[in-house]
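Engineer: What follows is the file final38.cif, containing mmCIF, N, CA and C atoms:
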```
data_model
loop_
_atom_site.label_atom_id
_atom_site.label_comp_id
_atom_site.auth_asym_id
_atom_site.auth_seq_id
_atom_site.Cartn_x
_atom_site.Cartn_y
_atom_site.Cartn_z
N MET A 580 22.30 -44.50 -9.27
CA MET A 580 22.08 -44.78 -10.68
C MET A 580 22.73 -43.66 -11.48
N LYS A 581 23.51 -44.02 -12.47
CA LYS A 581 24.11 -43.04 -13.34
C LYS A 581 23.31 -42.94 -14.62
N ARG A 582 23.21 -41.73 -15.13
CA ARG A 582 22.59 -41.54 -16.43
C ARG A 582 23.72 -41.34 -17.43
N HIS A 583 23.59 -41.95 -18.57
CA HIS A 583 24.66 -41.89 -19.55
C HIS A 583 24.20 -41.17 -20.80
N HIS A 584 25.11 -40.42 -21.38
CA HIS A 584 24.87 -39.76 -22.64
C HIS A 584 24.82 -40.84 -23.71
N THR A 585 23.88 -40.75 -24.63
CA THR A 585 23.71 -41.82 -25.61
C THR A 585 24.78 -41.85 -26.69
N GLY A 586 25.47 -40.74 -26.92
CA GLY A 586 26.40 -40.72 -28.04
C GLY A 586 27.86 -40.88 -27.67
N SER A 587 28.19 -41.02 -26.39
CA SER A 587 29.61 -41.03 -26.04
C SER A 587 30.07 -42.32 -25.37
N GLY A 588 29.32 -43.37 -25.52
CA GLY A 588 29.77 -44.66 -25.06
C GLY A 588 29.93 -44.81 -23.55
N ARG A 589 28.89 -44.71 -22.77
CA ARG A 589 28.86 -45.02 -21.34
C ARG A 589 29.54 -43.99 -20.45
N ARG A 590 29.79 -42.79 -20.94
CA ARG A 590 30.36 -41.75 -20.09
C ARG A 590 29.24 -41.13 -19.26
N ALA A 591 29.41 -41.07 -17.95
CA ALA A 591 28.38 -40.54 -17.06
C ALA A 591 28.23 -39.03 -17.27
N VAL A 592 27.00 -38.59 -17.54
CA VAL A 592 26.72 -37.17 -17.69
C VAL A 592 26.34 -36.57 -16.34
N ILE A 593 25.54 -37.29 -15.56
CA ILE A 593 25.14 -36.82 -14.24
C ILE A 593 25.72 -37.79 -13.22
N PRO A 594 26.74 -37.37 -12.46
CA PRO A 594 27.34 -38.27 -11.49
C PRO A 594 26.40 -38.58 -10.34
N ASP A 595 26.67 -39.68 -9.64
CA ASP A 595 25.81 -40.11 -8.54
C ASP A 595 25.67 -39.05 -7.45
N ASP A 596 26.71 -38.28 -7.19
CA ASP A 596 26.68 -37.33 -6.08
C ASP A 596 26.37 -35.89 -6.51
N TRP A 597 25.71 -35.71 -7.64
CA TRP A 597 25.48 -34.36 -8.14
C TRP A 597 24.66 -33.51 -7.17
N ALA A 598 23.67 -34.10 -6.49
CA ALA A 598 22.83 -33.32 -5.57
C ALA A 598 23.66 -32.81 -4.40
N ALA A 599 24.49 -33.66 -3.82
CA ALA A 599 25.34 -33.23 -2.70
C ALA A 599 26.33 -32.17 -3.16
N HIS A 600 26.83 -32.32 -4.37
CA HIS A 600 27.80 -31.36 -4.92
C HIS A 600 27.17 -29.98 -5.12
N HIS A 601 25.90 -29.93 -5.53
CA HIS A 601 25.23 -28.66 -5.81
C HIS A 601 24.50 -28.07 -4.60
N ALA A 602 24.34 -28.82 -3.53
CA ALA A 602 23.62 -28.34 -2.35
C ALA A 602 24.18 -27.03 -1.80
N PRO A 603 25.50 -26.84 -1.70
CA PRO A 603 26.00 -25.56 -1.18
C PRO A 603 25.60 -24.36 -2.05
N VAL A 604 25.47 -24.57 -3.34
CA VAL A 604 25.03 -23.48 -4.22
C VAL A 604 23.59 -23.09 -3.88
N ALA A 605 22.71 -24.08 -3.71
CA ALA A 605 21.32 -23.81 -3.35
C ALA A 605 21.24 -23.13 -1.98
N GLU A 606 22.02 -23.60 -1.02
CA GLU A 606 22.01 -22.99 0.31
C GLU A 606 22.49 -21.55 0.26
N GLY A 607 23.37 -21.23 -0.66
CA GLY A 607 23.86 -19.87 -0.81
C GLY A 607 22.79 -18.89 -1.25
N THR A 608 21.67 -19.40 -1.77
CA THR A 608 20.58 -18.52 -2.19
C THR A 608 19.55 -18.31 -1.08
N MET A 609 19.75 -18.94 0.07
CA MET A 609 18.79 -18.83 1.17
C MET A 609 19.17 -17.66 2.06
N LEU A 610 19.02 -16.45 1.50
CA LEU A 610 19.48 -15.23 2.16
C LEU A 610 18.36 -14.39 2.73
N ASP A 611 17.14 -14.63 2.32
CA ASP A 611 16.07 -13.69 2.68
C ASP A 611 15.32 -14.03 3.95
N GLY A 612 15.69 -15.10 4.62
CA GLY A 612 14.98 -15.42 5.85
C GLY A 612 15.69 -16.47 6.68
N THR A 613 15.29 -16.54 7.94
CA THR A 613 15.74 -17.62 8.81
C THR A 613 14.53 -18.12 9.59
N ILE A 614 14.55 -19.40 9.88
CA ILE A 614 13.47 -20.01 10.65
C ILE A 614 14.06 -20.89 11.74
N ALA A 615 13.22 -21.21 12.71
CA ALA A 615 13.55 -22.19 13.75
C ALA A 615 12.47 -23.26 13.67
N LEU A 616 12.86 -24.48 13.27
CA LEU A 616 11.94 -25.60 13.16
C LEU A 616 11.95 -26.41 14.45
N ARG A 617 10.76 -26.79 14.93
CA ARG A 617 10.67 -27.59 16.14
C ARG A 617 9.44 -28.49 16.08
N GLU A 618 9.44 -29.49 16.94
CA GLU A 618 8.26 -30.33 17.10
C GLU A 618 7.21 -29.53 17.86
N PRO A 619 5.92 -29.83 17.64
CA PRO A 619 4.89 -29.13 18.41
C PRO A 619 4.93 -29.56 19.88
N GLY A 620 4.34 -28.77 20.73
CA GLY A 620 4.27 -29.11 22.15
C GLY A 620 5.23 -28.30 22.99
N THR A 621 5.19 -28.56 24.27
CA THR A 621 6.00 -27.82 25.22
C THR A 621 6.71 -28.76 26.17
N VAL A 622 7.66 -28.22 26.90
CA VAL A 622 8.34 -28.91 27.98
C VAL A 622 8.26 -28.02 29.21
N GLN A 623 8.39 -28.62 30.38
CA GLN A 623 8.36 -27.85 31.63
C GLN A 623 9.78 -27.41 31.99
N THR A 624 9.95 -26.11 32.21
CA THR A 624 11.24 -25.57 32.63
C THR A 624 11.03 -24.69 33.85
N TRP A 625 12.03 -24.61 34.69
CA TRP A 625 11.94 -23.84 35.92
C TRP A 625 12.12 -22.35 35.63
N SER A 626 11.24 -21.53 36.22
CA SER A 626 11.34 -20.08 36.13
C SER A 626 11.72 -19.54 37.49
N ASP A 627 12.93 -18.94 37.59
CA ASP A 627 13.36 -18.33 38.85
C ASP A 627 12.44 -17.18 39.23
N GLU A 628 12.01 -16.42 38.24
CA GLU A 628 11.14 -15.27 38.49
C GLU A 628 9.80 -15.69 39.10
N LEU A 629 9.20 -16.73 38.53
CA LEU A 629 7.90 -17.19 39.02
C LEU A 629 8.01 -18.25 40.12
N GLU A 630 9.22 -18.77 40.30
CA GLU A 630 9.49 -19.82 41.29
C GLU A 630 8.59 -21.05 41.10
N ARG A 631 8.47 -21.44 39.85
CA ARG A 631 7.70 -22.65 39.51
C ARG A 631 8.04 -23.08 38.09
N ASN A 632 7.61 -24.29 37.72
CA ASN A 632 7.80 -24.77 36.35
C ASN A 632 6.80 -24.07 35.44
N VAL A 633 7.26 -23.74 34.26
CA VAL A 633 6.38 -23.14 33.25
C VAL A 633 6.53 -23.91 31.94
N ALA A 634 5.49 -23.90 31.13
CA ALA A 634 5.53 -24.56 29.82
C ALA A 634 6.26 -23.66 28.83
N THR A 635 7.26 -24.22 28.16
CA THR A 635 7.99 -23.49 27.12
C THR A 635 8.02 -24.35 25.86
N PRO A 636 8.06 -23.72 24.68
CA PRO A 636 8.11 -24.50 23.44
C PRO A 636 9.34 -25.40 23.41
N LYS A 637 9.21 -26.53 22.72
CA LYS A 637 10.34 -27.45 22.58
C LYS A 637 11.49 -26.75 21.85
N THR A 638 12.70 -27.22 22.11
CA THR A 638 13.90 -26.65 21.52
C THR A 638 13.93 -26.93 20.02
N PRO A 639 14.24 -25.92 19.20
CA PRO A 639 14.32 -26.14 17.75
C PRO A 639 15.41 -27.15 17.39
N TYR A 640 15.14 -27.98 16.38
CA TYR A 640 16.15 -28.91 15.88
C TYR A 640 16.85 -28.36 14.66
N PHE A 641 16.33 -27.26 14.10
CA PHE A 641 17.01 -26.57 13.00
C PHE A 641 16.76 -25.08 13.14
N THR A 642 17.83 -24.31 13.10
CA THR A 642 17.74 -22.85 13.04
C THR A 642 18.69 -22.42 11.94
N GLY A 643 18.15 -21.80 10.91
CA GLY A 643 19.04 -21.41 9.83
C GLY A 643 18.34 -20.72 8.68
N GLY A 644 19.10 -20.50 7.63
CA GLY A 644 18.63 -19.78 6.46
C GLY A 644 17.61 -20.55 5.65
N CYS A 645 16.77 -19.78 4.95
CA CYS A 645 15.72 -20.38 4.12
C CYS A 645 15.25 -19.35 3.10
N ARG A 646 14.41 -19.80 2.20
CA ARG A 646 13.65 -18.91 1.32
C ARG A 646 12.19 -19.10 1.67
N ILE A 647 11.44 -18.02 1.78
CA ILE A 647 10.02 -18.10 2.09
C ILE A 647 9.25 -17.42 0.96
N GLN A 648 8.31 -18.14 0.40
CA GLN A 648 7.51 -17.61 -0.70
C GLN A 648 6.03 -17.70 -0.35
N ALA A 649 5.34 -16.56 -0.40
CA ALA A 649 3.89 -16.58 -0.22
C ALA A 649 3.26 -17.17 -1.46
N LEU A 650 2.31 -18.07 -1.27
CA LEU A 650 1.67 -18.74 -2.40
C LEU A 650 0.33 -18.09 -2.73
N THR A 651 0.19 -16.81 -2.49
CA THR A 651 -1.04 -16.10 -2.79
C THR A 651 -1.40 -16.32 -4.25
N GLY A 652 -2.60 -16.80 -4.47
CA GLY A 652 -3.03 -17.09 -5.83
C GLY A 652 -2.51 -18.42 -6.34
N GLN A 653 -1.58 -19.02 -5.60
CA GLN A 653 -1.01 -20.30 -5.99
C GLN A 653 -1.16 -21.33 -4.88
N ALA A 654 -1.87 -20.99 -3.82
CA ALA A 654 -1.99 -21.88 -2.67
C ALA A 654 -2.49 -23.25 -3.11
N ARG A 655 -1.97 -24.26 -2.49
CA ARG A 655 -2.40 -25.62 -2.81
C ARG A 655 -3.74 -25.86 -2.14
N VAL A 656 -4.74 -26.20 -2.92
CA VAL A 656 -6.10 -26.39 -2.43
C VAL A 656 -6.54 -27.81 -2.73
N ILE A 657 -7.20 -28.43 -1.75
CA ILE A 657 -7.75 -29.76 -1.97
C ILE A 657 -9.24 -29.75 -1.64
N ALA A 658 -9.99 -30.66 -2.23
CA ALA A 658 -11.42 -30.77 -1.94
C ALA A 658 -11.61 -31.69 -0.75
N VAL A 659 -12.35 -31.20 0.24
CA VAL A 659 -12.63 -31.99 1.44
C VAL A 659 -14.14 -31.97 1.64
N ALA A 660 -14.81 -33.10 1.38
CA ALA A 660 -16.26 -33.25 1.59
C ALA A 660 -17.02 -32.04 1.03
N GLU A 661 -16.91 -31.83 -0.25
CA GLU A 661 -17.63 -30.79 -0.99
C GLU A 661 -17.10 -29.37 -0.75
N ASP A 662 -16.14 -29.19 0.12
CA ASP A 662 -15.55 -27.87 0.37
C ASP A 662 -14.09 -27.89 -0.04
N ASP A 663 -13.62 -26.74 -0.51
CA ASP A 663 -12.20 -26.61 -0.80
C ASP A 663 -11.49 -26.17 0.47
N GLU A 664 -10.32 -26.75 0.71
CA GLU A 664 -9.53 -26.40 1.89
C GLU A 664 -8.11 -26.07 1.45
N THR A 665 -7.61 -24.92 1.86
CA THR A 665 -6.24 -24.54 1.54
C THR A 665 -5.30 -25.33 2.43
N ILE A 666 -4.33 -25.97 1.81
CA ILE A 666 -3.39 -26.75 2.61
C ILE A 666 -2.00 -26.13 2.64
N ALA A 667 -1.77 -25.03 1.94
CA ALA A 667 -0.47 -24.38 2.00
C ALA A 667 -0.58 -22.93 1.55
N ASP A 668 -0.18 -22.02 2.43
CA ASP A 668 -0.13 -20.61 2.09
C ASP A 668 1.29 -20.14 1.80
N TYR A 669 2.28 -20.92 2.26
CA TYR A 669 3.68 -20.54 2.11
C TYR A 669 4.51 -21.74 1.70
N LEU A 670 5.53 -21.46 0.90
CA LEU A 670 6.53 -22.45 0.54
C LEU A 670 7.83 -22.01 1.20
N ILE A 671 8.38 -22.86 2.05
CA ILE A 671 9.67 -22.59 2.69
C ILE A 671 10.66 -23.59 2.10
N THR A 672 11.80 -23.08 1.67
CA THR A 672 12.85 -23.93 1.13
C THR A 672 14.04 -23.89 2.08
N VAL A 673 14.47 -25.07 2.53
CA VAL A 673 15.56 -25.20 3.49
C VAL A 673 16.63 -26.12 2.90
N PRO A 674 17.80 -26.21 3.54
CA PRO A 674 18.83 -27.14 3.05
C PRO A 674 18.32 -28.57 3.00
N ARG A 675 18.88 -29.36 2.11
CA ARG A 675 18.37 -30.70 1.82
C ARG A 675 18.45 -31.66 3.00
N ASP A 676 19.36 -31.43 3.95
CA ASP A 676 19.49 -32.36 5.07
C ASP A 676 18.51 -32.09 6.21
N VAL A 677 17.71 -31.04 6.11
CA VAL A 677 16.69 -30.74 7.12
C VAL A 677 15.50 -31.65 6.85
N GLU A 678 15.01 -32.34 7.87
CA GLU A 678 13.95 -33.32 7.67
C GLU A 678 12.76 -33.09 8.61
N PRO A 679 11.99 -32.03 8.37
CA PRO A 679 10.80 -31.81 9.20
C PRO A 679 9.71 -32.82 8.86
N LEU A 680 8.77 -32.96 9.75
CA LEU A 680 7.61 -33.81 9.53
C LEU A 680 6.36 -32.96 9.50
N GLU A 681 5.31 -33.49 8.88
CA GLU A 681 4.04 -32.78 8.88
C GLU A 681 3.62 -32.53 10.32
N GLY A 682 3.13 -31.32 10.60
CA GLY A 682 2.71 -30.96 11.94
C GLY A 682 3.77 -30.21 12.74
N HIS A 683 5.04 -30.25 12.29
CA HIS A 683 6.07 -29.50 12.98
C HIS A 683 5.85 -28.01 12.77
N LEU A 684 6.51 -27.19 13.56
CA LEU A 684 6.29 -25.75 13.52
C LEU A 684 7.56 -25.02 13.10
N ALA A 685 7.38 -23.99 12.26
CA ALA A 685 8.48 -23.16 11.79
C ALA A 685 8.24 -21.73 12.24
N ARG A 686 9.08 -21.25 13.14
CA ARG A 686 8.98 -19.87 13.62
C ARG A 686 9.87 -19.01 12.74
N VAL A 687 9.30 -17.98 12.11
CA VAL A 687 10.07 -17.10 11.24
C VAL A 687 10.83 -16.12 12.13
N THR A 688 12.15 -16.21 12.12
CA THR A 688 12.96 -15.38 13.01
C THR A 688 13.58 -14.18 12.32
N ALA A 689 13.69 -14.21 11.01
CA ALA A 689 14.20 -13.07 10.26
C ALA A 689 13.66 -13.14 8.84
N VAL A 690 13.16 -12.02 8.35
CA VAL A 690 12.64 -11.93 6.98
C VAL A 690 12.38 -10.47 6.67
N ASP A 691 12.39 -10.10 5.39
CA ASP A 691 12.14 -8.72 4.99
C ASP A 691 10.66 -8.34 5.06
N ASP A 692 9.78 -9.31 5.25
CA ASP A 692 8.34 -9.06 5.28
C ASP A 692 7.86 -8.92 6.72
N ALA A 693 7.50 -7.72 7.13
CA ALA A 693 7.09 -7.44 8.51
C ALA A 693 5.88 -8.28 8.94
N VAL A 694 5.04 -8.70 7.99
CA VAL A 694 3.86 -9.49 8.31
C VAL A 694 4.25 -10.88 8.83
N LEU A 695 5.38 -11.39 8.39
CA LEU A 695 5.79 -12.75 8.77
C LEU A 695 6.73 -12.83 9.96
N ILE A 696 7.40 -11.74 10.30
CA ILE A 696 8.40 -11.81 11.36
C ILE A 696 7.76 -12.26 12.68
N ASN A 697 8.38 -13.23 13.31
CA ASN A 697 7.93 -13.82 14.58
C ASN A 697 6.61 -14.57 14.48
N ARG A 698 6.17 -14.91 13.27
CA ARG A 698 4.96 -15.73 13.10
C ARG A 698 5.37 -17.20 13.07
N THR A 699 4.42 -18.05 13.41
CA THR A 699 4.66 -19.49 13.39
C THR A 699 3.85 -20.12 12.26
N LEU A 700 4.51 -20.94 11.46
CA LEU A 700 3.88 -21.66 10.37
C LEU A 700 3.86 -23.14 10.70
N ARG A 701 2.79 -23.83 10.34
CA ARG A 701 2.67 -25.27 10.56
C ARG A 701 3.02 -25.99 9.26
N VAL A 702 3.88 -26.98 9.35
CA VAL A 702 4.27 -27.77 8.19
C VAL A 702 3.11 -28.68 7.81
N GLU A 703 2.63 -28.53 6.58
CA GLU A 703 1.52 -29.35 6.08
C GLU A 703 2.00 -30.46 5.16
N ARG A 704 3.00 -30.17 4.32
CA ARG A 704 3.54 -31.16 3.39
C ARG A 704 5.05 -30.94 3.27
N VAL A 705 5.78 -32.04 3.15
CA VAL A 705 7.21 -31.99 2.94
C VAL A 705 7.50 -32.73 1.65
N VAL A 706 8.18 -32.07 0.72
CA VAL A 706 8.50 -32.69 -0.56
C VAL A 706 9.73 -33.57 -0.37
N ARG A 707 9.60 -34.83 -0.75
CA ARG A 707 10.69 -35.79 -0.62
C ARG A 707 10.97 -36.42 -1.98
N GLY A 708 12.17 -36.84 -2.18
CA GLY A 708 12.52 -37.49 -3.43
C GLY A 708 14.01 -37.77 -3.50
N THR A 709 14.44 -38.34 -4.59
CA THR A 709 15.85 -38.63 -4.76
C THR A 709 16.53 -37.47 -5.47
N GLN A 710 17.84 -37.41 -5.35
CA GLN A 710 18.65 -36.41 -6.04
C GLN A 710 18.17 -34.98 -5.80
N ARG A 711 17.90 -34.64 -4.55
CA ARG A 711 17.46 -33.29 -4.20
C ARG A 711 18.63 -32.49 -3.66
N PHE A 712 18.65 -31.19 -3.94
CA PHE A 712 19.68 -30.34 -3.36
C PHE A 712 19.10 -29.28 -2.44
N GLU A 713 17.79 -29.32 -2.20
CA GLU A 713 17.13 -28.51 -1.20
C GLU A 713 15.81 -29.17 -0.84
N ARG A 714 15.19 -28.77 0.25
CA ARG A 714 13.94 -29.38 0.71
C ARG A 714 12.84 -28.32 0.68
N ASP A 715 11.70 -28.66 0.07
CA ASP A 715 10.55 -27.76 0.02
C ASP A 715 9.54 -28.18 1.07
N ILE A 716 9.05 -27.18 1.82
CA ILE A 716 8.07 -27.41 2.89
C ILE A 716 6.88 -26.50 2.63
N PHE A 717 5.69 -27.07 2.51
CA PHE A 717 4.47 -26.29 2.33
C PHE A 717 3.83 -26.08 3.69
N CYS A 718 3.48 -24.82 4.01
CA CYS A 718 3.04 -24.46 5.35
C CYS A 718 1.79 -23.58 5.33
N THR A 719 1.10 -23.57 6.48
CA THR A 719 0.00 -22.63 6.74
C THR A 719 0.32 -21.87 8.02
N LEU A 720 -0.31 -20.70 8.20
CA LEU A 720 -0.10 -19.95 9.43
C LEU A 720 -0.69 -20.71 10.61
N ALA A 721 0.06 -20.78 11.69
CA ALA A 721 -0.39 -21.49 12.89
C ALA A 721 -0.84 -20.52 13.98
N ASP A 722 -0.50 -19.25 13.86
CA ASP A 722 -0.91 -18.26 14.87
C ASP A 722 -1.50 -17.02 14.24
#
```
For the file at hand, write its structure as C-alpha cells.

Structural biologist:
Amino acid sequence: MKRHHTGSGRRAVIPDDWAAHHAPVAEGTMLDGTIALREPGTVQTWSDELERNVATPKTPYFTGGCRIQALTGQARVIAVAEDDETIADYLITVPRDVEPLEGHLARVTAVDDAVLINRTLRVERVVRGTQRFERDIFCTLAD
C-alpha cells in the first residue's frame, strides 16, 4: 500500500519498500551486543572424551548483532489471578528478518554489561507488524 501526499496529486511519499531500504541503517546501530538465538531443548552428540552421547543445546539459527536494553522500571507487567507478573526484563532488537518464537532462547555472547555476558534470556513476546525495519523481542532471564 502506498501513502500519498495530499497536495501533490498521487505522488508516493512512502514507497512500498521503505522498510527494506532502511533496514541496513537500523542494523548498523546494533553495535553493543551479539546474541545466539536457538530453540529450547537439546540434541545428543558424541563426546570422544566421555566416550558416550551427551546432551548439548540445539544449534543457534541466528548469531549476530543486536541492541539489548534493560527495562528496569519499565518492565512489562501483567495481572495474573490477582498477582502482577513481570513478562519482560529486557528488550532485544535484532534485524527484521530474524523470526524467533515465544519460548526460544537468546544467549548473550558479547555485551558491555558484565552482568549479562553468557546469560540466557527466554523470549516472552515478539513484536510483529508490517513495514518494520527491525524486530523487537521482549525477554526474561532464563538462568

Engineer: Residues within 7 Å of A:Asp668, please, as a ChimeraX atom specification. Count only C-alpha atoms; anything in the same chain fewer than 3 positions from it doesn't count.

Structural biologist: /A:649-651,654,718-719

Engineer: Please dump the current selection as a PDB file, in the coordinates of the input; keep N, CA and C atoms.

Structural biologist:
```
ATOM      1  N   ALA A 649       5.340 -16.560  -0.400  1.00  0.00           N
ATOM      2  CA  ALA A 649       3.890 -16.580  -0.220  1.00  0.00           C
ATOM      3  C   ALA A 649       3.260 -17.170  -1.460  1.00  0.00           C
ATOM      4  N   LEU A 650       2.310 -18.070  -1.270  1.00  0.00           N
ATOM      5  CA  LEU A 650       1.670 -18.740  -2.400  1.00  0.00           C
ATOM      6  C   LEU A 650       0.330 -18.090  -2.730  1.00  0.00           C
ATOM      7  N   THR A 651       0.190 -16.810  -2.490  1.00  0.00           N
ATOM      8  CA  THR A 651      -1.040 -16.100  -2.790  1.00  0.00           C
ATOM      9  C   THR A 651      -1.400 -16.320  -4.250  1.00  0.00           C
ATOM     10  N   ALA A 654      -1.870 -20.990  -3.820  1.00  0.00           N
ATOM     11  CA  ALA A 654      -1.990 -21.880  -2.670  1.00  0.00           C
ATOM     12  C   ALA A 654      -2.490 -23.250  -3.110  1.00  0.00           C
ATOM     13  N   CYS A 718       3.480 -24.820   4.010  1.00  0.00           N
ATOM     14  CA  CYS A 718       3.040 -24.460   5.350  1.00  0.00           C
ATOM     15  C   CYS A 718       1.790 -23.580   5.330  1.00  0.00           C
ATOM     16  N   THR A 719       1.100 -23.570   6.480  1.00  0.00           N
ATOM     17  CA  THR A 719       0.000 -22.630   6.740  1.00  0.00           C
ATOM     18  C   THR A 719       0.320 -21.870   8.020  1.00  0.00           C
TER      19      THR A 719
END
```

Engineer: Let me make sure I understand: among A:Leu629, A:Val690, A:Val677, A:Val706, which one has the smallest atom-to-atom distance to A:Phe641 if we use all atoms listed in the file?

Structural biologist: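 Looking only at the distances to A:Phe641, the closest residue turns out to be A:Val677.
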
Engineer: I would like the residues chosen by the PyMOL selection byres ((chain A and resi 633) around 8) on the shown file; could you give them as a PDB file with N, CA and C atoms, in the frame of the given file?

Structural biologist:
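Wrote part16.pdb, looks like this:
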```
ATOM      1  N   THR A 621       5.190 -28.560  24.270  1.00  0.00           N
ATOM      2  CA  THR A 621       6.000 -27.820  25.220  1.00  0.00           C
ATOM      3  C   THR A 621       6.710 -28.760  26.170  1.00  0.00           C
ATOM      4  N   VAL A 622       7.660 -28.220  26.900  1.00  0.00           N
ATOM      5  CA  VAL A 622       8.340 -28.910  27.980  1.00  0.00           C
ATOM      6  C   VAL A 622       8.260 -28.020  29.210  1.00  0.00           C
ATOM      7  N   GLN A 623       8.390 -28.620  30.380  1.00  0.00           N
ATOM      8  CA  GLN A 623       8.360 -27.850  31.630  1.00  0.00           C
ATOM      9  C   GLN A 623       9.780 -27.410  31.990  1.00  0.00           C
ATOM     10  N   THR A 624       9.950 -26.110  32.210  1.00  0.00           N
ATOM     11  CA  THR A 624      11.240 -25.570  32.630  1.00  0.00           C
ATOM     12  C   THR A 624      11.030 -24.690  33.850  1.00  0.00           C
ATOM     13  N   TRP A 625      12.030 -24.610  34.690  1.00  0.00           N
ATOM     14  CA  TRP A 625      11.940 -23.840  35.920  1.00  0.00           C
ATOM     15  C   TRP A 625      12.120 -22.350  35.630  1.00  0.00           C
ATOM     16  N   SER A 626      11.240 -21.530  36.220  1.00  0.00           N
ATOM     17  CA  SER A 626      11.340 -20.080  36.130  1.00  0.00           C
ATOM     18  C   SER A 626      11.720 -19.540  37.490  1.00  0.00           C
ATOM     19  N   GLU A 630       9.220 -18.770  40.300  1.00  0.00           N
ATOM     20  CA  GLU A 630       9.490 -19.820  41.290  1.00  0.00           C
ATOM     21  C   GLU A 630       8.590 -21.050  41.100  1.00  0.00           C
ATOM     22  N   ARG A 631       8.470 -21.440  39.850  1.00  0.00           N
ATOM     23  CA  ARG A 631       7.700 -22.650  39.510  1.00  0.00           C
ATOM     24  C   ARG A 631       8.040 -23.080  38.090  1.00  0.00           C
ATOM     25  N   ASN A 632       7.610 -24.290  37.720  1.00  0.00           N
ATOM     26  CA  ASN A 632       7.800 -24.770  36.350  1.00  0.00           C
ATOM     27  C   ASN A 632       6.800 -24.070  35.440  1.00  0.00           C
ATOM     28  N   ALA A 634       5.490 -23.900  31.130  1.00  0.00           N
ATOM     29  CA  ALA A 634       5.530 -24.560  29.820  1.00  0.00           C
ATOM     30  C   ALA A 634       6.260 -23.660  28.830  1.00  0.00           C
ATOM     31  N   THR A 635       7.260 -24.220  28.160  1.00  0.00           N
ATOM     32  CA  THR A 635       7.990 -23.490  27.120  1.00  0.00           C
ATOM     33  C   THR A 635       8.020 -24.350  25.860  1.00  0.00           C
ATOM     34  N   PRO A 636       8.060 -23.720  24.680  1.00  0.00           N
ATOM     35  CA  PRO A 636       8.110 -24.500  23.440  1.00  0.00           C
ATOM     36  C   PRO A 636       9.340 -25.400  23.410  1.00  0.00           C
TER      37      PRO A 636
END
```

Engineer: Excluding A:Val687 and residues on its chain fewer than 4 positions from it, collect all residues at most 6 Å away from it, counting only N, CA and C atoms, and give them as a list in words.

Structural biologist: Thr613, Ile614, Ala615, Leu695, Ile696, Asn697, Arg698, Thr699 and Leu700 of chain A

Engineer: Can you turn the PyMOL selection byres ((chain A and resi 691) around 6) into a concrete residue list for this file, as a PyMOL selection string?

Structural biologist: chain A and resi 611-612+689-690+692-693

Engineer: Go ahead and dump the residues you just picked, N, CA and C atoms, as a short mmCIF file (atom, residue, chain, number, x, y, z; two decimals), keeping the file's coordinate frame.

Structural biologist:
```cif
data_model
loop_
_atom_site.label_atom_id
_atom_site.label_comp_id
_atom_site.auth_asym_id
_atom_site.auth_seq_id
_atom_site.Cartn_x
_atom_site.Cartn_y
_atom_site.Cartn_z
N ASP A 611 17.14 -14.63 2.32
CA ASP A 611 16.07 -13.69 2.68
C ASP A 611 15.32 -14.03 3.95
N GLY A 612 15.69 -15.10 4.62
CA GLY A 612 14.98 -15.42 5.85
C GLY A 612 15.69 -16.47 6.68
N ALA A 689 13.69 -14.21 11.01
CA ALA A 689 14.20 -13.07 10.26
C ALA A 689 13.66 -13.14 8.84
N VAL A 690 13.16 -12.02 8.35
CA VAL A 690 12.64 -11.93 6.98
C VAL A 690 12.38 -10.47 6.67
N ASP A 692 9.78 -9.31 5.25
CA ASP A 692 8.34 -9.06 5.28
C ASP A 692 7.86 -8.92 6.72
N ALA A 693 7.50 -7.72 7.13
CA ALA A 693 7.09 -7.44 8.51
C ALA A 693 5.88 -8.28 8.94
#
```

Engineer: List the residues selected by the PyMOL selection byres ((chain A and resi 717) around 7) in the file shown, writing them as a PyMOL selection string.

Structural biologist: chain A and resi 666-671+701-706+715-716+718-719

Engineer: I'd like the interatomic distance between atom CA of A:Arg646 and atom N of A:Glu681, to a tenth of an Å.

Structural biologist: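 Separation of atom CA of A:Arg646 and atom N of A:Glu681: 18.4 Å.
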
Engineer: Have a look at atom N of A:Gly644 and atom N of A:Val694 and let me know their distance in Å, one decimal.

Structural biologist: 18.4 Å

Engineer: Nearest to A:Leu680: which of A:Ala721, A:Gln648, A:Arg707, A:Gly643 is it, counting only C-alpha atoms?

Structural biologist: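 Ranking A:Ala721, A:Gln648, A:Arg707, A:Gly643 by distance to A:Leu680, first place goes to A:Arg707.
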
Engineer: Under the rule that only C-alpha atoms are counted, which of A:Pro674, A:Thr688, A:Pro679, A:Glu713 is the nearest residue to A:Glu618?

Structural biologist: A:Pro679

Engineer: Name the closest residue to A:Gly620 among the candidates A:Thr642, A:Asp722, A:Leu684, A:Arg711; distances are taken between atoms, counting only N, CA and C atoms.

Structural biologist: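 Nearest to A:Gly620: A:Leu684.
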
Engineer: Which value, in Å to one decimal, gives the distance between atom C of A:Lys637 and atom C of A:Arg714?

Structural biologist: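 Rounded to one decimal, the two atoms are 21.3 Å apart.
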
Engineer: Run DSSP on the backbone and give me the residues of stretch 606-719 of chain A it puts in strand (DSSP E), as a ChimeraX atom specification.

Structural biologist: /A:612-617,621-626,631-636,641-649,655-659,662-667,669-674,684-690,699-705,713-719

Engineer: Of the candidates A:Glu628, A:Ala685, A:Arg617, A:Phe712, which shows the shortest atom-to-atom distance to A:Ile647, using only C-alpha atoms?

Structural biologist: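 Ranked by minimum distance to A:Ile647, first place goes to A:Ala685.
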